[in-house]
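Enquirer: What follows is the file upload-v2.txt, containing compact mmCIF, C-alpha atoms and all ligand atoms:
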```txt
# COMPACT_ATOMS: atom_id res chain seq x y z
CA MET A 1 113.78 82.74 111.94
CA ASN A 2 114.07 85.21 114.81
CA ASP A 3 117.26 86.72 113.34
CA ALA A 4 115.38 87.51 110.15
CA PHE A 5 113.49 90.22 112.01
CA SER A 6 116.48 91.50 113.99
CA VAL A 7 117.71 95.10 113.88
CA ASN A 8 119.91 94.51 116.92
CA GLY A 9 123.14 96.56 116.70
CA ARG A 10 122.08 98.37 113.51
CA ILE A 11 122.76 102.10 113.14
CA VAL A 12 119.49 103.88 112.38
CA CYS A 13 118.61 107.50 111.56
CA VAL A 14 115.00 108.52 112.22
CA THR A 15 113.89 111.99 111.14
CA GLY A 16 110.95 113.55 112.96
CA ALA A 17 111.95 111.79 116.20
CA SER A 18 110.72 114.60 118.45
CA SER A 19 107.05 113.59 118.26
CA GLY A 20 104.36 111.27 116.95
CA ILE A 21 105.21 108.44 114.58
CA GLY A 22 108.93 109.27 114.31
CA ARG A 23 109.38 109.38 118.08
CA PHE A 24 107.49 106.12 118.49
CA LEU A 25 109.50 104.34 115.77
CA ALA A 26 112.81 105.72 117.07
CA SER A 27 111.99 104.26 120.50
CA ALA A 28 110.84 100.95 118.99
CA PHE A 29 114.19 100.55 117.22
CA VAL A 30 116.16 101.39 120.38
CA GLN A 31 114.07 98.80 122.24
CA ALA A 32 114.98 96.31 119.53
CA GLY A 33 118.69 96.89 120.27
CA ALA A 34 119.53 99.42 117.53
CA ARG A 35 121.64 102.56 117.88
CA VAL A 36 119.30 105.36 116.82
CA VAL A 37 119.98 108.99 115.93
CA GLY A 38 116.81 111.10 115.99
CA VAL A 39 116.61 114.34 114.00
CA ALA A 40 114.16 117.25 114.39
CA ARG A 41 114.08 120.98 115.21
CA ARG A 42 112.88 120.95 118.85
CA LYS A 43 115.88 120.27 121.10
CA ASP A 44 113.83 119.93 124.30
CA GLN A 45 111.62 117.24 122.74
CA LEU A 46 114.64 115.39 121.34
CA ASP A 47 116.39 115.56 124.72
CA SER A 48 113.36 114.07 126.48
CA TRP A 49 113.24 111.33 123.82
CA THR A 50 116.92 110.39 124.29
CA VAL A 51 116.43 110.13 128.06
CA GLU A 52 113.24 108.06 127.65
CA ALA A 53 114.66 105.77 124.92
CA GLY A 54 118.12 105.47 126.53
CA ARG A 55 116.66 103.26 129.23
CA SER A 56 116.17 100.50 126.63
CA SER A 57 118.71 97.97 125.40
CA GLY A 58 119.96 100.03 122.44
CA GLN A 59 121.37 103.54 122.37
CA ALA A 60 119.83 106.92 121.51
CA ALA A 61 121.35 110.20 120.34
CA SER A 62 119.96 113.25 118.61
CA VAL A 63 120.78 115.96 116.09
CA VAL A 64 118.90 119.26 115.98
CA GLY A 65 118.25 120.58 112.48
CA ASP A 66 115.71 122.04 110.07
CA LEU A 67 115.21 119.49 107.28
CA SER A 68 113.05 121.84 105.23
CA VAL A 69 116.16 123.85 104.29
CA PRO A 70 117.77 121.95 101.40
CA ASP A 71 121.20 123.53 102.00
CA SER A 72 121.27 122.15 105.58
CA VAL A 73 120.71 118.50 104.71
CA GLU A 74 124.37 117.56 104.10
CA ASP A 75 125.50 119.19 107.36
CA ILE A 76 122.74 117.40 109.29
CA ALA A 77 123.81 114.09 107.67
CA SER A 78 127.43 114.70 108.77
CA ASP A 79 126.27 115.38 112.34
CA VAL A 80 124.24 112.15 112.27
CA LYS A 81 127.27 110.11 111.13
CA GLU A 82 129.34 111.50 114.02
CA LYS A 83 127.06 109.88 116.62
CA PHE A 84 127.38 106.13 115.93
CA GLY A 85 128.85 105.96 112.40
CA ASP A 86 127.14 105.78 109.00
CA PRO A 87 123.47 104.76 109.27
CA GLU A 88 122.47 101.41 107.76
CA ILE A 89 118.77 102.21 108.06
CA LEU A 90 117.17 105.58 107.30
CA ILE A 91 113.57 106.25 108.31
CA ASN A 92 112.30 109.48 106.72
CA THR A 93 109.46 110.43 109.06
CA ALA A 94 109.68 114.24 109.37
CA GLY A 95 106.70 115.80 107.66
CA VAL A 96 104.17 118.61 107.78
CA ASN A 97 100.59 118.99 106.61
CA PRO A 98 99.77 122.71 106.25
CA ARG A 99 96.06 121.97 105.61
CA ALA A 100 95.76 125.15 103.52
CA SER A 101 92.84 125.49 101.15
CA ALA A 102 93.58 125.82 97.44
CA ASP A 103 92.89 129.57 97.74
CA ASP A 104 95.13 130.10 100.78
CA LEU A 105 98.10 128.04 99.63
CA THR A 106 101.12 130.33 99.06
CA PRO A 107 104.24 129.46 97.06
CA GLU A 108 106.21 129.53 100.36
CA ILE A 109 103.92 126.98 102.06
CA TRP A 110 103.99 124.83 98.93
CA ARG A 111 107.80 124.96 98.73
CA ARG A 112 108.40 124.16 102.42
CA THR A 113 105.95 121.25 102.31
CA LEU A 114 107.42 119.74 99.16
CA ASP A 115 111.00 120.33 100.36
CA LEU A 116 110.47 118.63 103.73
CA ASN A 117 108.09 115.82 102.73
CA LEU A 118 109.50 114.90 99.32
CA SER A 119 112.90 116.44 98.53
CA THR A 120 114.67 115.85 101.85
CA PRO A 121 113.96 112.08 101.94
CA PHE A 122 115.91 111.81 98.67
CA PHE A 123 118.77 114.19 99.44
CA LEU A 124 119.27 112.80 102.95
CA ALA A 125 119.21 109.22 101.63
CA ARG A 126 121.84 110.15 99.05
CA CYS A 127 124.17 111.18 101.88
CA PHE A 128 123.93 107.73 103.48
CA VAL A 129 123.60 105.40 100.48
CA PRO A 130 127.31 105.22 99.48
CA SER A 131 128.28 103.54 102.77
CA MET A 132 125.23 101.25 102.57
CA GLN A 133 126.39 100.26 99.06
CA GLU A 134 129.88 99.53 100.39
CA LYS A 135 128.38 97.22 103.02
CA LYS A 136 126.04 95.71 100.38
CA TRP A 137 123.15 96.22 102.80
CA GLY A 138 120.92 99.13 103.65
CA ARG A 139 117.31 100.08 104.23
CA ILE A 140 115.42 103.25 103.38
CA LEU A 141 111.94 103.60 104.78
CA ASN A 142 109.79 106.51 103.63
CA ILE A 143 106.43 107.52 105.10
CA ALA A 144 103.58 107.73 102.61
CA SER A 145 99.96 108.48 103.56
CA LEU A 146 96.35 107.81 102.66
CA GLN A 147 96.82 111.02 100.67
CA SER A 148 99.37 109.20 98.49
CA CYS A 149 96.35 107.66 96.78
CA ARG A 150 93.27 109.55 98.06
CA ALA A 151 92.32 113.23 97.78
CA MET A 152 91.26 114.86 101.06
CA ALA A 153 90.09 118.38 101.93
CA ASN A 154 92.84 121.02 101.98
CA GLY A 155 95.39 118.43 100.94
CA MET A 156 96.77 120.07 97.80
CA ALA A 157 100.44 120.44 98.88
CA TYR A 158 100.44 117.50 101.31
CA GLY A 159 98.79 115.14 98.82
CA ALA A 160 101.18 116.20 96.05
CA SER A 161 104.15 115.54 98.34
CA LYS A 162 102.86 112.15 99.53
CA GLY A 163 101.93 111.04 96.02
CA GLY A 164 105.50 111.94 95.14
CA VAL A 165 106.86 109.89 98.04
CA VAL A 166 105.38 106.72 96.51
CA GLN A 167 107.05 107.32 93.17
CA LEU A 168 110.28 108.44 94.87
CA THR A 169 110.24 105.13 96.76
CA ARG A 170 110.02 103.20 93.47
CA ALA A 171 112.76 105.31 91.86
CA MET A 172 115.07 104.82 94.87
CA ALA A 173 114.40 101.08 94.71
CA GLU A 174 115.25 101.04 91.02
CA ALA A 175 118.50 102.94 91.60
CA TRP A 176 119.91 101.20 94.67
CA SER A 177 118.38 97.74 95.26
CA ARG A 178 120.98 95.88 93.16
CA ASP A 179 123.55 97.10 95.69
CA GLY A 180 121.59 95.60 98.59
CA VAL A 181 119.89 98.89 99.51
CA THR A 182 116.13 98.37 99.46
CA CYS A 183 113.60 101.16 99.68
CA ASN A 184 109.99 100.87 100.78
CA ALA A 185 107.32 103.07 102.32
CA LEU A 186 104.86 102.71 105.18
CA GLY A 187 101.45 104.20 104.45
CA PRO A 188 99.80 104.95 107.81
CA GLY A 189 96.06 105.46 108.11
CA PHE A 190 94.91 107.88 110.84
CA PHE A 191 97.08 107.88 113.97
CA PRO A 192 96.80 110.26 116.96
CA THR A 193 99.76 112.69 116.77
CA GLU A 194 100.32 116.45 116.74
CA LEU A 195 99.76 116.34 112.97
CA THR A 196 96.23 114.97 113.33
CA GLU A 197 95.16 116.94 116.45
CA LYS A 198 92.47 118.77 114.46
CA VAL A 199 91.07 115.49 113.10
CA TYR A 200 90.83 113.92 116.55
CA ALA A 201 89.40 117.14 118.04
CA ASP A 202 86.37 116.54 115.81
CA GLY A 203 84.90 113.39 117.35
CA ALA A 204 82.39 112.86 114.54
CA LEU A 205 85.13 113.06 111.92
CA ALA A 206 87.43 110.67 113.81
CA LYS A 207 84.50 108.24 114.10
CA ARG A 208 83.71 108.48 110.38
CA LEU A 209 87.34 107.77 109.53
CA ALA A 210 87.41 104.76 111.86
CA GLU A 211 84.26 103.41 110.20
CA GLN A 212 85.91 103.72 106.79
CA THR A 213 88.50 101.08 107.80
CA CYS A 214 87.86 97.33 107.50
CA ILE A 215 88.98 96.79 111.10
CA GLY A 216 86.68 99.48 112.51
CA ARG A 217 89.12 101.72 114.39
CA ASN A 218 91.80 104.30 113.75
CA GLY A 219 95.47 103.44 114.22
CA GLU A 220 97.44 103.28 117.48
CA LEU A 221 101.19 103.90 117.30
CA PRO A 222 102.15 100.32 118.31
CA ASP A 223 100.38 99.14 115.11
CA LEU A 224 103.36 100.56 113.19
CA ALA A 225 106.19 98.76 115.02
CA GLY A 226 105.95 95.34 113.38
CA PRO A 227 105.60 96.63 109.80
CA ALA A 228 108.53 99.05 110.30
CA ILE A 229 110.81 96.39 111.81
CA PHE A 230 109.86 94.01 108.97
CA LEU A 231 110.79 96.56 106.28
CA ALA A 232 114.03 97.45 108.11
CA SER A 233 115.22 93.89 108.77
CA PRO A 234 116.59 90.98 106.67
CA ALA A 235 113.04 89.52 106.67
CA SER A 236 112.23 91.94 103.81
CA ASP A 237 115.39 91.30 101.74
CA TYR A 238 113.32 90.64 98.56
CA VAL A 239 110.80 93.45 99.10
CA THR A 240 111.60 96.77 97.46
CA GLY A 241 109.79 99.70 95.85
CA GLN A 242 106.58 98.89 97.75
CA VAL A 243 104.12 100.74 99.95
CA LEU A 244 102.81 98.83 102.96
CA TYR A 245 99.57 100.50 104.03
CA VAL A 246 99.09 100.21 107.79
CA ASP A 247 95.60 101.63 107.69
CA GLY A 248 93.22 99.00 109.08
CA GLY A 249 92.05 98.41 105.52
CA PHE A 250 91.04 102.05 104.84
CA THR A 251 92.37 101.85 101.28
CA ALA A 252 90.91 98.37 100.72
CA LYS A 253 87.37 99.79 100.71
N1 LIG B 301 99.53 110.86 112.05
C1 LIG B 301 98.98 110.31 110.99
O1 LIG B 301 97.81 109.90 111.01
C2 LIG B 301 99.77 110.15 109.72
C3 LIG B 301 99.18 109.47 108.67
C4 LIG B 301 99.88 109.30 107.48
C5 LIG B 301 101.17 109.79 107.38
N2 LIG B 301 101.72 110.45 108.40
C6 LIG B 301 103.10 110.93 108.22
O2 LIG B 301 103.88 110.50 109.31
C7 LIG B 301 104.97 111.40 109.47
C8 LIG B 301 105.05 111.83 110.92
O3 LIG B 301 103.88 112.56 111.22
P1 LIG B 301 103.23 112.58 112.67
O4 LIG B 301 101.82 112.27 112.51
O5 LIG B 301 104.06 111.80 113.60
O6 LIG B 301 103.32 114.15 112.98
P2 LIG B 301 104.02 114.98 114.12
O7 LIG B 301 103.76 114.41 115.47
O8 LIG B 301 103.63 116.39 113.85
O9 LIG B 301 105.58 114.80 113.82
C9 LIG B 301 106.20 115.45 112.76
C10 LIG B 301 107.69 115.37 112.99
O10 LIG B 301 108.36 116.04 111.91
C11 LIG B 301 109.31 116.93 112.47
N3 LIG B 301 109.51 118.08 111.60
C12 LIG B 301 108.54 118.92 111.13
N4 LIG B 301 109.11 119.90 110.43
C13 LIG B 301 110.46 119.67 110.44
C14 LIG B 301 111.57 120.36 109.91
N5 LIG B 301 111.43 121.48 109.18
N6 LIG B 301 112.81 119.84 110.12
C15 LIG B 301 112.97 118.71 110.86
N7 LIG B 301 111.95 118.03 111.39
C16 LIG B 301 110.71 118.52 111.20
C17 LIG B 301 108.71 117.36 113.80
O11 LIG B 301 109.73 117.80 114.68
P3 LIG B 301 110.04 119.33 115.06
O12 LIG B 301 108.75 120.08 115.06
O13 LIG B 301 110.69 119.20 116.39
O14 LIG B 301 110.98 119.79 114.01
C18 LIG B 301 108.13 116.05 114.28
O15 LIG B 301 109.11 115.28 114.92
C19 LIG B 301 104.74 112.55 108.49
O16 LIG B 301 105.50 112.33 107.33
C20 LIG B 301 103.27 112.42 108.17
O17 LIG B 301 102.96 112.94 106.91
C21 LIG B 301 101.06 110.65 109.58
```
Please rewrite the model in this file as structure tokens.

Expert:
Amino acid sequence: MNDAFSVNGRIVCVTGASSGIGRFLASAFVQAGARVVGVARRKDQLDSWTVEAGRSSGQAASVVGDLSVPDSVEDIASDVKEKFGDPEILINTAGVNPRASADDLTPEIWRRTLDLNLSTPFFLARCFVPSMQEKKWGRILNIASLQSCRAMANGMAYGASKGGVVQLTRAMAEAWSRDGVTCNALGPGFFPTELTEKVYADGALAKRLAEQTCIGRNGELPDLAGPAIFLASPASDYVTGQVLYVDGGFTAK
């Protein structure tokens, strides 16, 4: 049974590994014995992550790149493959929430948000899927959001991108699961990261959000480790095209 949840020795690519959820998940997979390549723009943050994560049983390496530029995605994928070989697990965590009001949202903000949050998860996956298909095994894990199914203030571009991520996840599952490549999404509730600094800076708002959950608190990063390892391991062989909300029951109410 233990092997069912093993990612030991797997080659993993985690985007957004320089901070927050991506950094936490990248470290969790290294701790579980995987070889992990983290991707993001900030080299100093990636370097500190590789040092921190490298003390664990697996291995850590990084690639610096801007995933909001569609023309760069293939080059970044090539750099990732050079580290440990072709990834067997891709975790698409990089994301932004511009929090622009409907009036302030410009075409440029809209385009960058949709490119990074929605387009890149597909185009990056497409770079890695052929070798997963050859091995008859692969995992793609996207990151959805409460805003995949709920409207929130100033969430026009972010909500559109995260709603799209859910349908992209189903479409990827439809296209690739017969070849052993499953695709699912994690839907985090509220977790303390750079992305949610403004939410947590408003104590009353953070409290209201915690009260909206069934469990009665907001998320802590370790809450995401088990669900991510499950969706990335043989334990989830027959699970594909699904969103697993890790939100303390926020969306159940
Ligand atoms: N925190 C939450 O409560 C929550 C809830 C639901 C969903 N999510 C989702 O979880 C994911 C991670 O968010 P987070 O909360 O961990 O936020 P975060 O701490 O701000 O991390 C975002 C990550 O994305 C990377 N990134 C941003 N723009 C990029 C670009 N153009 N190219 C490459 N990498 C880029 C950042 O690295 P660099 O700045 O170094 O490039 C960083 O590593 C996002 O998809 C977010 O929508 C978060």

Enquirer: So which residues touch Ala157 in chain A within 10 Å, counting only C-alpha atoms, skipping near sequence neighbours fewer than 3 positions away, as a list in words?

Expert: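 Residues meeting the cut-off are Val96, Asn97, Pro98, Arg99, Ala100, Ser101, Ala102, Leu105, Thr106, Pro107, Ile109, Trp110, Arg111, Arg112, Thr113, Leu114, Asn117, Asn154, Ala160, Ser161, Lys162 and Gly163 of chain A.
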
Enquirer: Which residues come within 7 Å of range 61-69 of chain A, counting all atoms listed in the file, excluding same-chain residues fewer than 6 positions away, as a ChimeraX atom specification?

Expert: /A:36-43,46,50,76,79-80,83,112,115-116,120

Enquirer: Quick one: which chain A residues come within 6 Å of ligand LIG 301 (chain B), and what is the nearest atom pair for each with the distance in Å to one decimal, counting all atoms listed in the file, rows ordered by chain and ascending number, as CSV?

Expert:
```
residue,atom,partner,partner_atom,distance
A:Gly16,CA,B:LIG301,O15,3.2
A:Ala17,CA,B:LIG301,O15,4.7
A:Ser18,CA,B:LIG301,O15,3.9
A:Ser19,CA,B:LIG301,O15,4.3
A:Gly20,CA,B:LIG301,O5,3.4
A:Ile21,CA,B:LIG301,O5,3.7
A:Gly22,CA,B:LIG301,O5,5.5
A:Ala40,CA,B:LIG301,N7,3.8
A:Arg41,CA,B:LIG301,O14,3.5
A:Arg42,CA,B:LIG301,O13,3.7
A:Gly65,CA,B:LIG301,C15,5.8
A:Asp66,CA,B:LIG301,N6,3.6
A:Leu67,CA,B:LIG301,N6,3.7
A:Ser68,CA,B:LIG301,N5,4.3
A:Thr93,CA,B:LIG301,C7,4.6
A:Ala94,CA,B:LIG301,O10,3.4
A:Gly95,CA,B:LIG301,O16,3.7
A:Val96,CA,B:LIG301,C12,5.5
A:Ile143,CA,B:LIG301,O16,5.4
A:Ala144,CA,B:LIG301,C5,5.7
A:Ser145,CA,B:LIG301,C4,4.0
A:Pro188,CA,B:LIG301,C4,4.4
A:Gly189,CA,B:LIG301,C3,5.1
A:Phe190,CA,B:LIG301,O1,3.5
A:Phe191,CA,B:LIG301,O1,3.7
A:Pro192,CA,B:LIG301,N1,5.6
A:Thr193,CA,B:LIG301,O7,4.5
A:Glu194,CA,B:LIG301,O7,4.2
A:Leu195,CA,B:LIG301,O8,4.0
A:Thr196,CA,B:LIG301,N1,5.4
```

Enquirer: Restricting the calculation to all atoms listed in the file, which member of A:Ser48, A:Asn184, A:Gln59, A:Asn92 is positioned closest to Phe230 in chain A?

Expert: A:Asn184

Enquirer: Counting all atoms listed in the file, which residues of range 118-221 of chain A fall within 10 Å of range 241-247 of chain A, and what is the closest atom pair for each with its distance in Å at one decimal, ordered by chain and rising number, as a tab-separated table?

Expert:
```
residue	atom	partner	partner_atom	distance
A:Leu141	CA	A:Val243	CA	9.6
A:Asn142	CA	A:Val243	CA	8.9
A:Ile143	CA	A:Val243	CA	8.8
A:Ala144	CA	A:Val243	CA	7.5
A:Ser145	CA	A:Tyr245	CA	8.0
A:Leu146	CA	A:Asp247	CA	8.0
A:Ser148	CA	A:Val243	CA	9.8
A:Val165	CA	A:Val243	CA	9.7
A:Val166	CA	A:Val243	CA	7.0
A:Gln167	CA	A:Gly241	CA	8.5
A:Leu168	CA	A:Gly241	CA	8.8
A:Thr169	CA	A:Gly241	CA	5.5
A:Arg170	CA	A:Gly241	CA	4.2
A:Ala171	CA	A:Gly241	CA	7.5
A:Met172	CA	A:Gly241	CA	7.4
A:Ala173	CA	A:Gly241	CA	4.9
A:Glu174	CA	A:Gly241	CA	7.4
A:Ser177	CA	A:Gly241	CA	8.8
A:Thr182	CA	A:Gly241	CA	7.4
A:Cys183	CA	A:Gly241	CA	5.6
A:Asn184	CA	A:Gln242	CA	5.0
A:Ala185	CA	A:Val243	CA	4.6
A:Leu186	CA	A:Leu244	CA	4.9
A:Gly187	CA	A:Tyr245	CA	4.2
A:Pro188	CA	A:Val246	CA	4.8
A:Gly189	CA	A:Asp247	CA	3.9
A:Phe190	CA	A:Asp247	CA	7.0
A:Phe191	CA	A:Asp247	CA	9.0
A:Ala210	CA	A:Asp247	CA	9.7
A:Gln212	CA	A:Asp247	CA	10.0
A:Thr213	CA	A:Asp247	CA	7.1
A:Cys214	CA	A:Asp247	CA	8.9
A:Ile215	CA	A:Asp247	CA	8.9
A:Arg217	CA	A:Asp247	CA	9.3
A:Asn218	CA	A:Asp247	CA	7.6
A:Gly219	CA	A:Asp247	CA	6.8
```

Enquirer: Report, in Å to a single decimal, how far apart CA of Leu205 in chain A and CA of Gly155 in chain A are.

Expert: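 CA of Leu205 in chain A lies at a distance of 16.0 Å from CA of Gly155 in chain A.
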
Enquirer: Rounded to one decimal place, report the CA of Phe24 in chain A-CA of Pro222 in chain A distance in Å.

Expert: 7.9 Å

Enquirer: Between A:Val12, A:Pro227, A:Tyr238, A:Pro70, which residue has the minimum interatomic distance to Ile140 in chain A, considering all atoms listed in the file?

Expert: A:Val12

Enquirer: What does the distance from CA of Asp86 in chain A to CA of Val129 in chain A come to in Å, to one decimal?

Expert: 9.2 Å

Enquirer: Neighbours of Ser27 in chain A within 9 Å (only C-alpha atoms; same-chain residues fewer than 2 positions away dropped), as a PyMOL selection string?

Expert: chain A and resi 17+22-25+29-32+36+49-50+52-54+56+60

Enquirer: Take the point (127.7, 96.9, 116.3) in the file's coordinates, draw a sphere of radius 12 Å around it, and report as an MDAnalysis selection string every protein, DNA or RNA residue with an atom inside or on it, counting all atoms listed in the file.

Expert: chainID A and resid 7:12 33:36 58:59 84:88

Enquirer: Restricted to C-alpha atoms, what would the selected residues look like written as a short mmCIF file (atom, residue, chain, number, x, y, z; two decimals), keeping the file's coordinate frame?

Expert:
```
data_model
loop_
_atom_site.label_atom_id
_atom_site.label_comp_id
_atom_site.auth_asym_id
_atom_site.auth_seq_id
_atom_site.Cartn_x
_atom_site.Cartn_y
_atom_site.Cartn_z
CA VAL A 7 117.71 95.10 113.88
CA ASN A 8 119.91 94.51 116.92
CA GLY A 9 123.14 96.56 116.70
CA ARG A 10 122.08 98.37 113.51
CA ILE A 11 122.76 102.10 113.14
CA VAL A 12 119.49 103.88 112.38
CA GLY A 33 118.69 96.89 120.27
CA ALA A 34 119.53 99.42 117.53
CA ARG A 35 121.64 102.56 117.88
CA VAL A 36 119.30 105.36 116.82
CA GLY A 58 119.96 100.03 122.44
CA GLN A 59 121.37 103.54 122.37
CA PHE A 84 127.38 106.13 115.93
CA GLY A 85 128.85 105.96 112.40
CA ASP A 86 127.14 105.78 109.00
CA PRO A 87 123.47 104.76 109.27
CA GLU A 88 122.47 101.41 107.76
#
```

Enquirer: Please list as a ChimeraX atom specification every residue within 7 Å of Ala77 in chain A, counting all atoms listed in the file and excluding residues in the same chain fewer than 3 positions away.

Expert: /A:73-74,80-81,124,127

Enquirer: Can you take the partial range 174-194 of chain A, add N, CA and C atoms, and return it as a short mmCIF file (atom, residue, chain, number, x, y, z; two decimals), in the coordinates of the input?

Expert:
```cif
data_model
loop_
_atom_site.label_atom_id
_atom_site.label_comp_id
_atom_site.auth_asym_id
_atom_site.auth_seq_id
_atom_site.Cartn_x
_atom_site.Cartn_y
_atom_site.Cartn_z
N GLU A 174 114.66 101.34 92.33
CA GLU A 174 115.25 101.04 91.02
C GLU A 174 116.74 101.37 91.01
N ALA A 175 117.11 102.47 91.65
CA ALA A 175 118.50 102.94 91.60
C ALA A 175 119.44 102.12 92.49
N TRP A 176 118.96 101.67 93.66
CA TRP A 176 119.91 101.20 94.67
C TRP A 176 119.73 99.74 95.11
N SER A 177 118.64 99.09 94.72
CA SER A 177 118.38 97.74 95.26
C SER A 177 119.42 96.71 94.83
N ARG A 178 119.97 96.86 93.61
CA ARG A 178 120.98 95.88 93.16
C ARG A 178 122.22 95.90 94.04
N ASP A 179 122.41 97.00 94.77
CA ASP A 179 123.55 97.10 95.69
C ASP A 179 123.17 96.69 97.11
N GLY A 180 122.01 96.07 97.27
CA GLY A 180 121.59 95.60 98.59
C GLY A 180 120.85 96.64 99.41
N VAL A 181 120.58 97.80 98.79
CA VAL A 181 119.89 98.89 99.51
C VAL A 181 118.44 98.91 99.05
N THR A 182 117.54 98.39 99.86
CA THR A 182 116.13 98.37 99.46
C THR A 182 115.43 99.63 99.98
N CYS A 183 114.35 99.97 99.30
CA CYS A 183 113.60 101.16 99.68
C CYS A 183 112.11 100.87 99.61
N ASN A 184 111.44 101.08 100.71
CA ASN A 184 109.99 100.87 100.78
C ASN A 184 109.34 102.01 101.56
N ALA A 185 108.03 102.03 101.56
CA ALA A 185 107.32 103.07 102.32
C ALA A 185 106.24 102.44 103.18
N LEU A 186 106.02 103.03 104.35
CA LEU A 186 104.86 102.71 105.18
C LEU A 186 103.78 103.73 104.85
N GLY A 187 102.55 103.29 104.69
CA GLY A 187 101.45 104.20 104.45
C GLY A 187 100.48 104.15 105.62
N PRO A 188 100.70 105.01 106.64
CA PRO A 188 99.80 104.95 107.81
C PRO A 188 98.40 105.46 107.48
N GLY A 189 97.42 104.89 108.14
CA GLY A 189 96.06 105.46 108.11
C GLY A 189 96.04 106.64 109.07
N PHE A 190 94.97 106.77 109.88
CA PHE A 190 94.91 107.88 110.84
C PHE A 190 95.44 107.43 112.20
N PHE A 191 96.46 108.16 112.68
CA PHE A 191 97.08 107.88 113.97
C PHE A 191 97.06 109.17 114.80
N PRO A 192 96.87 109.05 116.13
CA PRO A 192 96.80 110.26 116.96
C PRO A 192 98.18 110.85 117.22
N THR A 193 98.48 111.98 116.59
CA THR A 193 99.76 112.69 116.77
C THR A 193 99.46 114.19 116.71
N GLU A 194 100.51 114.99 116.87
CA GLU A 194 100.32 116.45 116.74
C GLU A 194 99.75 116.80 115.37
#
```
